[in-house]
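Chemist: Below is the file data13.pdb, which contains PDB, C-alpha atoms, pLDDT in the B column.
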ATOM      1  CA  MET A   1       0.000   0.000   0.000  1.00 67.00           C
ATOM      2  CA  THR A   2       1.296   3.428  -0.945  1.00 88.00           C
ATOM      3  CA  ASP A   3       2.372   5.512   2.053  1.00 95.00           C
ATOM      4  CA  TYR A   4       0.720   8.810   1.163  1.00 97.00           C
ATOM      5  CA  GLN A   5       1.731  10.422   4.453  1.00 96.00           C
ATOM      6  CA  ALA A   6       5.404   9.729   3.731  1.00 97.00           C
ATOM      7  CA  ILE A   7       5.111  11.156   0.218  1.00 98.00           C
ATOM      8  CA  ALA A   8       3.452  14.289   1.582  1.00 97.00           C
ATOM      9  CA  ALA A   9       6.072  14.749   4.300  1.00 98.00           C
ATOM     10  CA  SER A  10       8.863  14.413   1.745  1.00 98.00           C
ATOM     11  CA  ASN A  11       7.192  16.941  -0.553  1.00 98.00           C
ATOM     12  CA  PHE A  12       6.880  19.505   2.241  1.00 98.00           C
ATOM     13  CA  GLU A  13      10.563  19.058   3.081  1.00 98.00           C
ATOM     14  CA  LYS A  14      11.637  19.485  -0.548  1.00 98.00           C
ATOM     15  CA  ILE A  15       9.548  22.637  -0.961  1.00 98.00           C
ATOM     16  CA  ASP A  16      10.976  24.041   2.278  1.00 98.00           C
ATOM     17  CA  VAL A  17      14.472  23.657   0.841  1.00 98.00           C
ATOM     18  CA  LEU A  18      13.564  25.442  -2.395  1.00 98.00           C
ATOM     19  CA  ALA A  19      11.622  28.187  -0.608  1.00 98.00           C
ATOM     20  CA  ALA A  20      14.587  28.910   1.666  1.00 98.00           C
ATOM     21  CA  LEU A  21      16.956  29.581  -1.233  1.00 98.00           C
ATOM     22  CA  PRO A  22      17.933  33.264  -1.616  1.00 96.00           C
ATOM     23  CA  GLU A  23      16.738  35.151  -4.686  1.00 93.00           C
ATOM     24  CA  SER A  24      20.297  35.064  -6.038  1.00 96.00           C
ATOM     25  CA  GLU A  25      19.857  31.289  -6.541  1.00 98.00           C
ATOM     26  CA  TRP A  26      17.010  31.908  -9.002  1.00 98.00           C
ATOM     27  CA  LYS A  27      17.052  33.475 -12.470  1.00 98.00           C
ATOM     28  CA  GLU A  28      14.253  35.936 -13.200  1.00 97.00           C
ATOM     29  CA  ASP A  29      11.971  35.147 -16.150  1.00 96.00           C
ATOM     30  CA  LYS A  30       9.149  37.652 -15.810  1.00 95.00           C
ATOM     31  CA  ASP A  31       8.253  40.709 -13.722  1.00 96.00           C
ATOM     32  CA  LYS A  32       4.891  42.031 -14.839  1.00 95.00           C
ATOM     33  CA  LYS A  33       1.882  43.630 -13.153  1.00 94.00           C
ATOM     34  CA  GLY A  34       2.945  42.686  -9.644  1.00 97.00           C
ATOM     35  CA  ALA A  35       3.809  39.095 -10.515  1.00 98.00           C
ATOM     36  CA  LYS A  36       7.337  37.714 -10.605  1.00 98.00           C
ATOM     37  CA  ILE A  37       8.520  34.398 -12.010  1.00 98.00           C
ATOM     38  CA  TRP A  38      11.942  32.790 -11.616  1.00 98.00           C
ATOM     39  CA  HIS A  39      13.559  29.460 -12.462  1.00 97.00           C
ATOM     40  CA  ARG A  40      16.490  27.298 -11.434  1.00 97.00           C
ATOM     41  CA  LYS A  41      17.655  23.790 -12.276  1.00 97.00           C
ATOM     42  CA  SER A  42      15.578  21.090 -10.621  1.00 97.00           C
ATOM     43  CA  THR A  43      17.358  18.539  -8.469  1.00 93.00           C
ATOM     44  CA  GLU A  44      14.646  15.945  -9.183  1.00 96.00           C
ATOM     45  CA  PHE A  45      14.570  15.724 -12.975  1.00 96.00           C
ATOM     46  CA  ASP A  46      16.297  17.082 -16.059  1.00 94.00           C
ATOM     47  CA  GLY A  47      14.292  20.274 -16.122  1.00 94.00           C
ATOM     48  CA  ARG A  48      13.515  23.399 -14.156  1.00 96.00           C
ATOM     49  CA  ALA A  49      11.938  24.371 -10.875  1.00 97.00           C
ATOM     50  CA  VAL A  50       9.865  27.510 -11.405  1.00 97.00           C
ATOM     51  CA  LYS A  51       8.813  29.935  -8.675  1.00 98.00           C
ATOM     52  CA  SER A  52       6.214  32.691  -8.797  1.00 98.00           C
ATOM     53  CA  GLU A  53       5.101  35.364  -6.324  1.00 98.00           C
ATOM     54  CA  TYR A  54       2.016  37.577  -6.549  1.00 98.00           C
ATOM     55  CA  GLU A  55      -0.956  38.897  -4.591  1.00 98.00           C
ATOM     56  CA  VAL A  56      -4.628  38.011  -4.979  1.00 98.00           C
ATOM     57  CA  ASP A  57      -7.634  39.888  -3.598  1.00 98.00           C
ATOM     58  CA  ALA A  58      -9.040  36.953  -1.616  1.00 98.00           C
ATOM     59  CA  THR A  59      -8.260  35.166   1.645  1.00 98.00           C
ATOM     60  CA  PRO A  60      -6.048  32.043   1.791  1.00 98.00           C
ATOM     61  CA  GLU A  61      -9.093  29.890   2.555  1.00 97.00           C
ATOM     62  CA  ALA A  62     -10.983  31.273  -0.436  1.00 98.00           C
ATOM     63  CA  ILE A  63      -8.025  30.704  -2.764  1.00 98.00           C
ATOM     64  CA  LYS A  64      -7.650  27.137  -1.545  1.00 98.00           C
ATOM     65  CA  ASP A  65     -11.346  26.589  -2.284  1.00 97.00           C
ATOM     66  CA  MET A  66     -10.900  28.064  -5.763  1.00 98.00           C
ATOM     67  CA  ILE A  67      -8.027  25.661  -6.422  1.00 98.00           C
ATOM     68  CA  MET A  68      -9.491  22.510  -4.869  1.00 97.00           C
ATOM     69  CA  ASN A  69     -13.212  22.812  -5.657  1.00 97.00           C
ATOM     70  CA  PRO A  70     -13.768  21.044  -9.003  1.00 96.00           C
ATOM     71  CA  ALA A  71     -16.958  23.020  -9.659  1.00 95.00           C
ATOM     72  CA  LYS A  72     -15.001  26.290  -9.414  1.00 97.00           C
ATOM     73  CA  ARG A  73     -11.591  25.287 -10.762  1.00 97.00           C
ATOM     74  CA  THR A  74     -12.576  24.696 -14.366  1.00 97.00           C
ATOM     75  CA  LYS A  75     -14.584  27.934 -14.484  1.00 97.00           C
ATOM     76  CA  TRP A  76     -11.733  30.300 -13.607  1.00 98.00           C
ATOM     77  CA  ASP A  77      -8.549  28.349 -14.506  1.00 98.00           C
ATOM     78  CA  VAL A  78      -9.454  28.412 -18.178  1.00 96.00           C
ATOM     79  CA  HIS A  79      -5.959  28.437 -19.686  1.00 96.00           C
ATOM     80  CA  ASN A  80      -4.540  25.539 -17.652  1.00 96.00           C
ATOM     81  CA  THR A  81      -7.387  23.262 -16.563  1.00 97.00           C
ATOM     82  CA  LYS A  82      -9.911  21.526 -18.800  1.00 97.00           C
ATOM     83  CA  ASP A  83     -11.020  18.933 -16.246  1.00 97.00           C
ATOM     84  CA  PHE A  84     -10.329  18.452 -12.519  1.00 98.00           C
ATOM     85  CA  ASN A  85     -11.758  15.635 -10.407  1.00 97.00           C
ATOM     86  CA  GLU A  86     -11.156  13.946  -7.082  1.00 97.00           C
ATOM     87  CA  VAL A  87     -10.170  10.286  -7.497  1.00 97.00           C
ATOM     88  CA  GLU A  88      -9.796   9.350  -3.828  1.00 97.00           C
ATOM     89  CA  ASP A  89     -10.461  11.210  -0.566  1.00 96.00           C
ATOM     90  CA  VAL A  90      -7.556  10.061   1.631  1.00 96.00           C
ATOM     91  CA  ASP A  91      -8.408  12.244   4.642  1.00 95.00           C
ATOM     92  CA  GLU A  92      -9.703  15.741   5.371  1.00 92.00           C
ATOM     93  CA  ASP A  93      -6.429  17.365   4.248  1.00 94.00           C
ATOM     94  CA  MET A  94      -5.295  14.954   1.539  1.00 98.00           C
ATOM     95  CA  GLY A  95      -6.693  13.607  -1.707  1.00 98.00           C
ATOM     96  CA  ILE A  96      -5.793  12.208  -5.092  1.00 98.00           C
ATOM     97  CA  TYR A  97      -6.866  14.280  -8.073  1.00 98.00           C
ATOM     98  CA  HIS A  98      -6.871  13.882 -11.833  1.00 98.00           C
ATOM     99  CA  THR A  99      -6.276  16.996 -13.935  1.00 98.00           C
ATOM    100  CA  VAL A 100      -6.513  17.414 -17.702  1.00 98.00           C
ATOM    101  CA  SER A 101      -5.149  20.514 -19.407  1.00 97.00           C
ATOM    102  CA  PRO A 102      -6.290  21.963 -22.734  1.00 95.00           C
ATOM    103  CA  SER A 103      -3.830  22.347 -25.585  1.00 91.00           C
ATOM    104  CA  MET A 104      -1.614  25.407 -25.109  1.00 85.00           C
ATOM    105  CA  MET A 105       0.741  27.771 -26.907  1.00 79.00           C
ATOM    106  CA  GLY A 106      -1.486  27.927 -29.960  1.00 79.00           C
ATOM    107  CA  GLY A 107      -1.620  24.148 -30.213  1.00 71.00           C
ATOM    108  CA  ILE A 108       2.153  23.634 -29.987  1.00 78.00           C
ATOM    109  CA  VAL A 109       1.628  21.891 -26.639  1.00 87.00           C
ATOM    110  CA  SER A 110      -1.076  19.221 -26.749  1.00 92.00           C
ATOM    111  CA  SER A 111      -3.339  18.296 -23.854  1.00 96.00           C
ATOM    112  CA  ARG A 112      -1.640  16.790 -20.784  1.00 96.00           C
ATOM    113  CA  ASP A 113      -3.079  14.854 -17.849  1.00 98.00           C
ATOM    114  CA  VAL A 114      -1.686  14.196 -14.368  1.00 98.00           C
ATOM    115  CA  CYS A 115      -2.667  12.141 -11.330  1.00 98.00           C
ATOM    116  CA  ASP A 116      -1.517  13.926  -8.177  1.00 98.00           C
ATOM    117  CA  LEU A 117      -1.493  13.481  -4.430  1.00 98.00           C
ATOM    118  CA  ILE A 118      -2.480  16.932  -3.108  1.00 98.00           C
ATOM    119  CA  VAL A 119      -2.193  17.966   0.538  1.00 98.00           C
ATOM    120  CA  TYR A 120      -3.049  21.223   2.323  1.00 98.00           C
ATOM    121  CA  ARG A 121      -2.077  22.158   5.852  1.00 98.00           C
ATOM    122  CA  SER A 122      -3.349  25.109   7.862  1.00 98.00           C
ATOM    123  CA  TYR A 123      -1.325  27.293  10.225  1.00 98.00           C
ATOM    124  CA  PRO A 124      -3.976  29.568  11.810  1.00 97.00           C
ATOM    125  CA  ASP A 125      -1.499  31.364  14.094  1.00 97.00           C
ATOM    126  CA  LYS A 126       0.371  32.526  10.975  1.00 97.00           C
ATOM    127  CA  ASN A 127      -2.702  33.119   8.768  1.00 98.00           C
ATOM    128  CA  LEU A 128      -1.065  30.659   6.359  1.00 98.00           C
ATOM    129  CA  LEU A 129      -2.137  27.708   4.223  1.00 98.00           C
ATOM    130  CA  ARG A 130       0.416  25.466   2.558  1.00 98.00           C
ATOM    131  CA  GLY A 131      -0.151  22.978  -0.218  1.00 98.00           C
ATOM    132  CA  THR A 132       2.047  20.353  -1.836  1.00 98.00           C
ATOM    133  CA  TRP A 133       1.521  17.890  -4.635  1.00 98.00           C
ATOM    134  CA  SER A 134       3.338  15.335  -6.746  1.00 98.00           C
ATOM    135  CA  SER A 135       2.280  12.793  -9.307  1.00 98.00           C
ATOM    136  CA  ILE A 136       1.574   9.177  -8.377  1.00 98.00           C
ATOM    137  CA  HIS A 137       0.218   6.024 -10.000  1.00 96.00           C
ATOM    138  CA  HIS A 138      -3.335   5.109  -9.049  1.00 97.00           C
ATOM    139  CA  PRO A 139      -5.586   2.346 -10.433  1.00 95.00           C
ATOM    140  CA  LYS A 140      -8.567   4.698 -10.681  1.00 95.00           C
ATOM    141  CA  CYS A 141      -6.595   7.323 -12.577  1.00 95.00           C
ATOM    142  CA  PRO A 142      -5.794   5.911 -16.035  1.00 94.00           C
ATOM    143  CA  GLU A 143      -4.401   8.049 -18.804  1.00 93.00           C
ATOM    144  CA  VAL A 144      -6.997   9.943 -20.816  1.00 93.00           C
ATOM    145  CA  LYS A 145      -7.341   9.337 -24.534  1.00 94.00           C
ATOM    146  CA  GLY A 146      -6.111  12.357 -26.422  1.00 93.00           C
ATOM    147  CA  ALA A 147      -3.867  13.581 -23.584  1.00 96.00           C
ATOM    148  CA  LYS A 148      -0.230  12.814 -22.838  1.00 96.00           C
ATOM    149  CA  ARG A 149       0.587  11.783 -19.266  1.00 97.00           C
ATOM    150  CA  ALA A 150       2.792  14.395 -17.560  1.00 97.00           C
ATOM    151  CA  HIS A 151       4.440  14.362 -14.141  1.00 98.00           C
ATOM    152  CA  TYR A 152       4.708  16.759 -11.212  1.00 98.00           C
ATOM    153  CA  TYR A 153       7.744  16.316  -9.018  1.00 98.00           C
ATOM    154  CA  ALA A 154       7.487  17.850  -5.530  1.00 98.00           C
ATOM    155  CA  SER A 155       5.610  21.127  -6.003  1.00 98.00           C
ATOM    156  CA  GLY A 156       3.733  23.423  -3.669  1.00 98.00           C
ATOM    157  CA  ASN A 157       2.359  26.787  -2.703  1.00 98.00           C
ATOM    158  CA  PHE A 158       2.236  29.173   0.238  1.00 98.00           C
ATOM    159  CA  LEU A 159      -0.998  31.129   0.748  1.00 98.00           C
ATOM    160  CA  GLN A 160      -0.024  33.868   3.185  1.00 98.00           C
ATOM    161  CA  GLY A 161      -2.830  36.090   4.406  1.00 98.00           C
ATOM    162  CA  ILE A 162      -1.954  39.792   4.407  1.00 98.00           C
ATOM    163  CA  GLU A 163      -3.664  43.071   5.269  1.00 97.00           C
ATOM    164  CA  GLY A 164      -6.938  43.883   3.555  1.00 96.00           C
ATOM    165  CA  GLY A 165      -8.188  40.305   3.237  1.00 96.00           C
ATOM    166  CA  LYS A 166      -5.641  39.592   0.501  1.00 98.00           C
ATOM    167  CA  THR A 167      -3.155  36.773   0.013  1.00 98.00           C
ATOM    168  CA  ARG A 168       0.465  36.712  -1.005  1.00 98.00           C
ATOM    169  CA  VAL A 169       0.905  33.562  -3.076  1.00 98.00           C
ATOM    170  CA  THR A 170       4.189  31.770  -3.671  1.00 98.00           C
ATOM    171  CA  ASP A 171       4.132  28.823  -6.080  1.00 98.00           C
ATOM    172  CA  ILE A 172       7.042  26.428  -6.594  1.00 98.00           C
ATOM    173  CA  ILE A 173       6.449  24.100  -9.518  1.00 98.00           C
ATOM    174  CA  GLN A 174       8.470  21.168 -10.862  1.00 97.00           C
ATOM    175  CA  PHE A 175       6.562  19.971 -13.907  1.00 96.00           C
ATOM    176  CA  ASP A 176       7.741  17.521 -16.536  1.00 96.00           C
ATOM    177  CA  GLY A 177       5.398  17.788 -19.480  1.00 94.00           C
ATOM    178  CA  HIS A 178       7.675  15.643 -21.681  1.00 92.00           C
ATOM    179  CA  LEU A 179       8.016  18.575 -24.069  1.00 87.00           C
ATOM    180  CA  THR A 180      10.483  18.775 -26.935  1.00 85.00           C
ATOM    181  CA  PRO A 181      12.526  20.556 -28.031  1.00 82.00           C
ATOM    182  CA  ARG A 182      13.993  21.932 -24.790  1.00 81.00           C
ATOM    183  CA  SER A 183      13.334  25.515 -25.939  1.00 82.00           C
ATOM    184  CA  VAL A 184       9.582  24.795 -25.892  1.00 82.00           C
ATOM    185  CA  ALA A 185       9.811  23.187 -22.441  1.00 80.00           C
ATOM    186  CA  GLU A 186      11.696  26.171 -21.017  1.00 84.00           C
ATOM    187  CA  LYS A 187       9.270  28.700 -22.489  1.00 85.00           C
ATOM    188  CA  PHE A 188       6.103  26.799 -21.613  1.00 89.00           C
ATOM    189  CA  LEU A 189       5.905  26.864 -17.807  1.00 89.00           C
ATOM    190  CA  PRO A 190       6.591  30.587 -17.137  1.00 92.00           C
ATOM    191  CA  GLY A 191       3.953  31.480 -19.725  1.00 92.00           C
ATOM    192  CA  ALA A 192       1.465  28.976 -18.320  1.00 94.00           C
ATOM    193  CA  MET A 193       2.041  30.305 -14.807  1.00 96.00           C
ATOM    194  CA  MET A 194       1.480  33.891 -15.905  1.00 96.00           C
ATOM    195  CA  ASP A 195      -1.830  32.816 -17.466  1.00 96.00           C
ATOM    196  CA  TYR A 196      -2.699  31.023 -14.213  1.00 97.00           C
ATOM    197  CA  ILE A 197      -1.973  34.163 -12.175  1.00 98.00           C
ATOM    198  CA  LYS A 198      -4.096  36.359 -14.445  1.00 97.00           C
ATOM    199  CA  ASP A 199      -6.943  33.841 -14.361  1.00 98.00           C
ATOM    200  CA  MET A 200      -6.778  33.496 -10.564  1.00 98.00           C
ATOM    201  CA  ARG A 201      -6.903  37.251 -10.031  1.00 98.00           C
ATOM    202  CA  LYS A 202      -9.859  37.528 -12.374  1.00 97.00           C
ATOM    203  CA  GLY A 203     -11.536  34.466 -10.869  1.00 97.00           C
ATOM    204  CA  ALA A 204     -11.210  35.863  -7.353  1.00 97.00           C
ATOM    205  CA  LYS A 205     -13.809  38.486  -8.285  1.00 95.00           C
ATOM    206  CA  ASP A 206     -16.417  35.778  -8.972  1.00 93.00           C
ATOM    207  CA  PHE A 207     -15.246  32.833  -6.850  1.00 92.00           C
ATOM    208  CA  GLY A 208     -13.081  34.392  -4.136  1.00 86.00           C
ATOM    209  CA  GLN A 209     -15.775  34.320  -1.455  1.00 85.00           C
ATOM    210  CA  LEU A 210     -16.598  31.344   0.735  1.00 72.00           C
TER     211      LEU A 210
END
Would you mind writing the file out in structure tokens?

Modeler:
Amino acid sequence: MTDYQAIAASNFEKIDVLAALPESEWKEDKDKKGAKIWHRKSTEFDGRAVKSEYEVDATPEAIKDMIMNPAKRTKWDVHNTKDFNEVEDVDEDMGIYHTVSPSMMGGIVSSRDVCDLIVYRSYPDKNLLRGTWSSIHHPKCPEVKGAKRAHYYASGNFLQGIEGGKTRVTDIIQFDGHLTPRSVAEKFLPGAMMDYIKDMRKGAKDFGQL
């Protein structure tokens, strides 16, 4: 039986290491409209870890609900998520989810699907929510016809509540979409993350209330 708790604990530790790195250890990709994106070489696969920081006009709890509620996710995350469903409810903080993306970059990148173990932990004394996820194999999560199976290595986010009912979001993503050539792979994720940020900020106006 897969030890989901051990996977989650390892993911939190790996994200802690990446989050603690000084800015000098990252190379800036984008700085636009209050959102910054950086990258560095991943230690888990032959690709990049990508980090983003930005603010959203919603509370951490509301943003978590936007991300994890299938009925909301596909309505606001229009550039990155075509389908999002829970495969298994492990416990109140942990579940296994299947995500299908639409084609991207004008059709250069075809649809991808992933099966991920996603965990959120709450730190009320710090007004903070933390999430981590990584891809796993699951019998109820077969590959989807028409989509190529991709893989998340340890990834996560920090949803830090700040003044005015807003949230400072930090995402750290290690995504292997099996993209070629390398130039496409390196261009893809920063662009996809910028679309995600724009969509989340817009979606917060309609779905950012609990």

Chemist: The residues within 12 Å of (-14.2, 13.3, -6.5), using all atoms listed in the file and the coordinates of the file, should be reported as a VMD selection string; which are they?

Modeler: chain A and resid 68 to 71 83 to 90 95 to 99 140 to 141

Chemist: Taking 3 positions as the minimum chain separation for residues in the same chain, which residues sit within 10 Å of range 131-134 of chain A when counting all atoms listed in the file? Answer as JSON, numbers by chain.

Modeler: {"A": [7, 8, 9, 10, 11, 12, 13, 14, 15, 64, 93, 94, 95, 96, 97, 114, 115, 116, 117, 118, 119, 120, 121, 122, 151, 152, 153, 154, 155, 156, 157, 158, 159, 171, 172, 173, 174, 175]}

Chemist: Between A:Val17, A:Gly165, A:Lys202, A:Gly191, which has the minimum distance to Ala62 in chain A (counting all atoms listed in the file)?

Modeler: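 Closest to Ala62 in chain A of all the choices is A:Gly165.
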
Chemist: Identify which of the residues A:Asp91, A:Asp176, A:Asp29, A:Asp46 lies closest to Gln5 in chain A, counting all atoms listed in the file when measuring atom-to-atom distances.

Modeler: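 The shortest atom-to-atom distance to Gln5 in chain A comes from A:Asp91.
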
Chemist: What's the separation between CA of Ala192 in chain A and CA of Ala58 in chain A, in Å to one decimal place?

Modeler: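 One can read the CA of Ala192 in chain A to CA of Ala58 in chain A distance as 21.3 Å.
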
Chemist: One number please: CA of His39 in chain A to CA of Ser24 in chain A, in Å, one decimal.

Modeler: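 Separation between CA of His39 in chain A and CA of Ser24 in chain A: 10.9 Å.
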
Chemist: Can you work out the spacing between CA of Arg149 in chain A and CA of Ser103 in chain A in Å, to one decimal?

Modeler: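 That distance, rounded to one decimal, is 13.1 Å.
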
Chemist: Closest to Ser183 in chain A among A:Gly34, A:Pro22, A:Gly164, A:Gly47, using all atoms listed in the file?

Modeler: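 Counting all atoms listed in the file, the residue closest to Ser183 in chain A is A:Gly47.
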
Chemist: For a quick check of understanding, using all atoms listed in the file, which of A:Gly161, A:Ile108, A:Lys145, A:Leu210 has the smallest distance to Lys126 in chain A?

Modeler: A:Gly161

Chemist: Decode the PyMOL selection byres ((chain A and resi 206) around 12) for the given file into explicit residues and return them as a PDB file with C-alpha atoms, in the coordinates of the input.

Modeler:
ATOM      1  CA  ASP A  57      -7.634  39.888  -3.598  1.00 98.00           C
ATOM      2  CA  ALA A  58      -9.040  36.953  -1.616  1.00 98.00           C
ATOM      3  CA  ALA A  62     -10.983  31.273  -0.436  1.00 98.00           C
ATOM      4  CA  ILE A  63      -8.025  30.704  -2.764  1.00 98.00           C
ATOM      5  CA  MET A  66     -10.900  28.064  -5.763  1.00 98.00           C
ATOM      6  CA  LYS A  72     -15.001  26.290  -9.414  1.00 97.00           C
ATOM      7  CA  ARG A  73     -11.591  25.287 -10.762  1.00 97.00           C
ATOM      8  CA  LYS A  75     -14.584  27.934 -14.484  1.00 97.00           C
ATOM      9  CA  TRP A  76     -11.733  30.300 -13.607  1.00 98.00           C
ATOM     10  CA  ASP A 199      -6.943  33.841 -14.361  1.00 98.00           C
ATOM     11  CA  MET A 200      -6.778  33.496 -10.564  1.00 98.00           C
ATOM     12  CA  ARG A 201      -6.903  37.251 -10.031  1.00 98.00           C
ATOM     13  CA  LYS A 202      -9.859  37.528 -12.374  1.00 97.00           C
ATOM     14  CA  GLY A 203     -11.536  34.466 -10.869  1.00 97.00           C
ATOM     15  CA  ALA A 204     -11.210  35.863  -7.353  1.00 97.00           C
ATOM     16  CA  LYS A 205     -13.809  38.486  -8.285  1.00 95.00           C
ATOM     17  CA  PHE A 207     -15.246  32.833  -6.850  1.00 92.00           C
ATOM     18  CA  GLY A 208     -13.081  34.392  -4.136  1.00 86.00           C
ATOM     19  CA  GLN A 209     -15.775  34.320  -1.455  1.00 85.00           C
ATOM     20  CA  LEU A 210     -16.598  31.344   0.735  1.00 72.00           C
TER      21      LEU A 210
END

Chemist: Pick out the closest residue to Ser110 in chain A from this set: A:Ser135, A:Tyr196, A:Thr74, A:Phe188. Count all atoms listed in the file.

Modeler: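 Among the listed residues, the smallest separation from Ser110 in chain A belongs to A:Phe188.
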
Chemist: Of the residues A:Lys82, A:Val100, A:Asp77, A:Met105, which is the one nearest to Pro190 in chain A, using only C-alpha atoms?

Modeler: A:Met105

Chemist: Can you list, as a compact mmCIF listing (two decimals) with C-alpha atoms, keeping the file's coordinate frame, every protein, DNA or RNA residue that comes within 9 Å of Lys166 in chain A when you count all atoms listed in the file, leaving out same-chain residues fewer than 3 positions away?

Modeler:
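Below you can see result28.txt, which holds the result:
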# COMPACT_ATOMS: atom_id res chain seq x y z
CA GLU A 55 -0.96 38.90 -4.59
CA VAL A 56 -4.63 38.01 -4.98
CA ASP A 57 -7.63 39.89 -3.60
CA ALA A 58 -9.04 36.95 -1.62
CA THR A 59 -8.26 35.17 1.64
CA PRO A 60 -6.05 32.04 1.79
CA GLN A 160 -0.02 33.87 3.18
CA GLY A 161 -2.83 36.09 4.41
CA ILE A 162 -1.95 39.79 4.41
CA GLU A 163 -3.66 43.07 5.27
